[in-house]
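Heads up, the thing below is written out as structure tokens.
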Amino acid sequence: MPKILLVEDDPNFGSVLKDYLQLHDYEVRLCTNGQRGLSAFKEEAFDLCILDVMMPEMDGFTLAGLIRKLNQHIPLFFLTARSLKQDVVQGFELGADDYITKPFDSDVLLLKIKALLQRVQQQQPLQEEMQVGQFYFHASLRELRKQDEVIRLSPKEAELLQLLASNLNKVVSRSEALQRIWKDDNYFTGRSMDVYVTKLRKYLAADPQVEILNLHGNGFRLVVAT
């Protein structure tokens with residue numbers, strides 16, 4: 001399931017919205033202030049952020065600015081009662097993908113989330129050739145080279161390694177990998193992906209500095225130790 005960070009200081013509204021999104025197949029982490037939201041974003045991988053603006057400890061605009069410094073591309077919505085023009089302008093200047101004022105139509109929110117996640121997955125370019133530790137990887141040729149040794153990858157192995165290597169040392173969520181490569185996110189495709197991750201780990205084991213980490217409940221991260 002795509003994972004959403006929801007930062008909302010109204011516990012009743014936050015709980016209702018969290019439950020509603022979960023009923024529509026989204027995993028949601030609810031934080032009740034901006035500081036907790038920032039900590040959660042640093043700890044976990046998310047596919048989208050929904051932020052209130054007026055919050056204690058850290059307002060939504062400040063939080064959005066810090067999130068953008070950590071990740072320039074993650075989809076971000078403001079969902080707030082502040083509807084003044086200057087607030088809306090500030091929200092978009094901070095890099096928000098949408099600014100939704102309360103009260104709002106929950107069905108419209110769902111459609112906006114779905115459309116944005118699909119667009120982001122389709123637009124993100126992946127690298128074609130890259131160095132991964134002692135390995136040289138060519139995605140189109142599906143070749144993983146280490147000196148004179150060449151490993152021929154299957155199409156799915158190559159796609160998955162390309163996604164991980166293009167996001168080297170960054171977390172790739174399970175939902176992003178499944179939607180991009182398998183075009184579906186369910187139990188069976190998830191188990192299939194785990195098999196391919198195991199295969200890639202065996203190939204990469206020739207370089208002890210390279211590792212695919214499994215972040216439970218979040219996704220995977222291809223790291224090269226320095």
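If you're wondering about the labels, chains in the structure tokens are A, B, ... by order shown, residues count from 1 in each chain, ligands from 1 in order shown.
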
| message | Can you tell me which residues surround Tyr136 (chain A) at a distance of at most 10 Å, considering only C-alpha atoms, apart from same-chain residues fewer than 4 positions away, and format the answer as a PyMOL selection string? | response | chain A and resi 129-132+143-147+150

| request: Find the residues near Asp97 (chain A): any atom within 9 Å, counting only C-alpha atoms, skip ones fewer than 3 places away on the same chain, and give them as a VMD selection string. | output: chain A and resid 75 to 78 91 to 92 116

How would the residues just chosen look if you wrote them out with N, CA and C atoms as a PDB file, in the first residue's frame?
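Writing done, so here's selection_28.pdb:
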```pdb
ATOM      1  N   PRO A  75       5.619  13.919  -3.283  1.00  0.00           N
ATOM      2  CA  PRO A  75       4.366  14.666  -3.387  1.00  0.00           C
ATOM      3  C   PRO A  75       3.950  15.234  -2.022  1.00  0.00           C
ATOM      4  N   LEU A  76       3.436  16.456  -2.045  1.00  0.00           N
ATOM      5  CA  LEU A  76       3.117  17.133  -0.790  1.00  0.00           C
ATOM      6  C   LEU A  76       1.840  17.940  -0.951  1.00  0.00           C
ATOM      7  N   PHE A  77       0.887  17.697  -0.045  1.00  0.00           N
ATOM      8  CA  PHE A  77      -0.374  18.446  -0.005  1.00  0.00           C
ATOM      9  C   PHE A  77      -0.439  19.261   1.282  1.00  0.00           C
ATOM     10  N   PHE A  78      -0.987  20.464   1.187  1.00  0.00           N
ATOM     11  CA  PHE A  78      -1.434  21.169   2.384  1.00  0.00           C
ATOM     12  C   PHE A  78      -2.937  20.966   2.498  1.00  0.00           C
ATOM     13  N   GLY A  91       2.210  28.375   0.251  1.00  0.00           N
ATOM     14  CA  GLY A  91       2.206  26.921   0.162  1.00  0.00           C
ATOM     15  C   GLY A  91       2.789  26.422  -1.145  1.00  0.00           C
ATOM     16  N   PHE A  92       2.369  27.029  -2.251  1.00  0.00           N
ATOM     17  CA  PHE A  92       2.883  26.603  -3.551  1.00  0.00           C
ATOM     18  C   PHE A  92       4.347  27.016  -3.736  1.00  0.00           C
ATOM     19  N   LEU A 116      -1.835  11.999  -8.497  1.00  0.00           N
ATOM     20  CA  LEU A 116      -0.492  12.519  -8.254  1.00  0.00           C
ATOM     21  C   LEU A 116       0.522  11.393  -8.108  1.00  0.00           C
TER      22      LEU A 116
END
```

Contacts of region 191-193 of chain A at 9 Å (only C-alpha atoms; same-chain gap of 5+ positions) as a PDB file with N, CA and C atoms, in the first residue's frame:
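And here's selection-v7.pdb as it stands now:
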```
ATOM      1  N   LYS A 156      13.143  -8.531 -14.984  1.00  0.00           N
ATOM      2  CA  LYS A 156      12.685  -8.028 -13.683  1.00  0.00           C
ATOM      3  C   LYS A 156      13.869  -7.722 -12.770  1.00  0.00           C
ATOM      4  N   LEU A 160      14.511  -3.936 -11.300  1.00  0.00           N
ATOM      5  CA  LEU A 160      14.568  -3.699  -9.860  1.00  0.00           C
ATOM      6  C   LEU A 160      15.917  -3.107  -9.471  1.00  0.00           C
ATOM      7  N   ARG A 174       8.184  -0.078  -0.959  1.00  0.00           N
ATOM      8  CA  ARG A 174       7.692  -1.303  -1.604  1.00  0.00           C
ATOM      9  C   ARG A 174       6.623  -0.971  -2.637  1.00  0.00           C
ATOM     10  N   ALA A 177       8.117   0.359  -5.942  1.00  0.00           N
ATOM     11  CA  ALA A 177       8.743  -0.698  -6.735  1.00  0.00           C
ATOM     12  C   ALA A 177       7.699  -1.615  -7.370  1.00  0.00           C
ATOM     13  N   LEU A 178       6.687  -1.973  -6.614  1.00  0.00           N
ATOM     14  CA  LEU A 178       5.659  -2.891  -7.132  1.00  0.00           C
ATOM     15  C   LEU A 178       4.837  -2.235  -8.232  1.00  0.00           C
ATOM     16  N   TRP A 182       5.950  -4.202 -11.353  1.00  0.00           N
ATOM     17  CA  TRP A 182       4.939  -5.263 -11.485  1.00  0.00           C
ATOM     18  C   TRP A 182       3.562  -4.723 -11.865  1.00  0.00           C
ATOM     19  N   ASN A 186       0.107  -6.169  -4.525  1.00  0.00           N
ATOM     20  CA  ASN A 186      -0.692  -7.110  -3.739  1.00  0.00           C
ATOM     21  C   ASN A 186       0.240  -8.129  -3.094  1.00  0.00           C
ATOM     22  N   THR A 198      16.270 -11.190  -3.151  1.00  0.00           N
ATOM     23  CA  THR A 198      17.201 -12.234  -2.695  1.00  0.00           C
ATOM     24  C   THR A 198      18.199 -12.590  -3.789  1.00  0.00           C
TER      25      THR A 198
END
```

Which residues of region 145-198 of chain A come within 8 Å of region 44-67 of chain A, and for each one, what is the closest pair of atoms and their distance in Å to one decimal, counting only C-alpha atoms, sorted by chain and residue number, as a tab-separated table?
```
residue	atom	partner	partner_atom	distance
A:Val171	CA	A:Ala45	CA	6.1
A:Val172	CA	A:Ala45	CA	7.3
A:Ser173	CA	A:Ala45	CA	6.1
A:Glu176	CA	A:Asp47	CA	7.7
```

Writer output for current selection, C-alpha atoms, as a short mmCIF file (atom, residue, chain, number, x, y, z; two decimals), in the first residue's frame:
```
data_model
loop_
_atom_site.label_atom_id
_atom_site.label_comp_id
_atom_site.auth_asym_id
_atom_site.auth_seq_id
_atom_site.Cartn_x
_atom_site.Cartn_y
_atom_site.Cartn_z
CA VAL A 171 14.84 4.32 0.56
CA VAL A 172 12.64 2.94 -2.23
CA SER A 173 9.20 2.10 -0.88
CA GLU A 176 6.73 2.33 -5.63
#
```

| query | Which residue gives the smallest distance to Ser154 (chain A) among A:Phe13, A:Gly34, A:Leu200, A:Val210, with only C-alpha atoms counted? | reply | A:Leu200
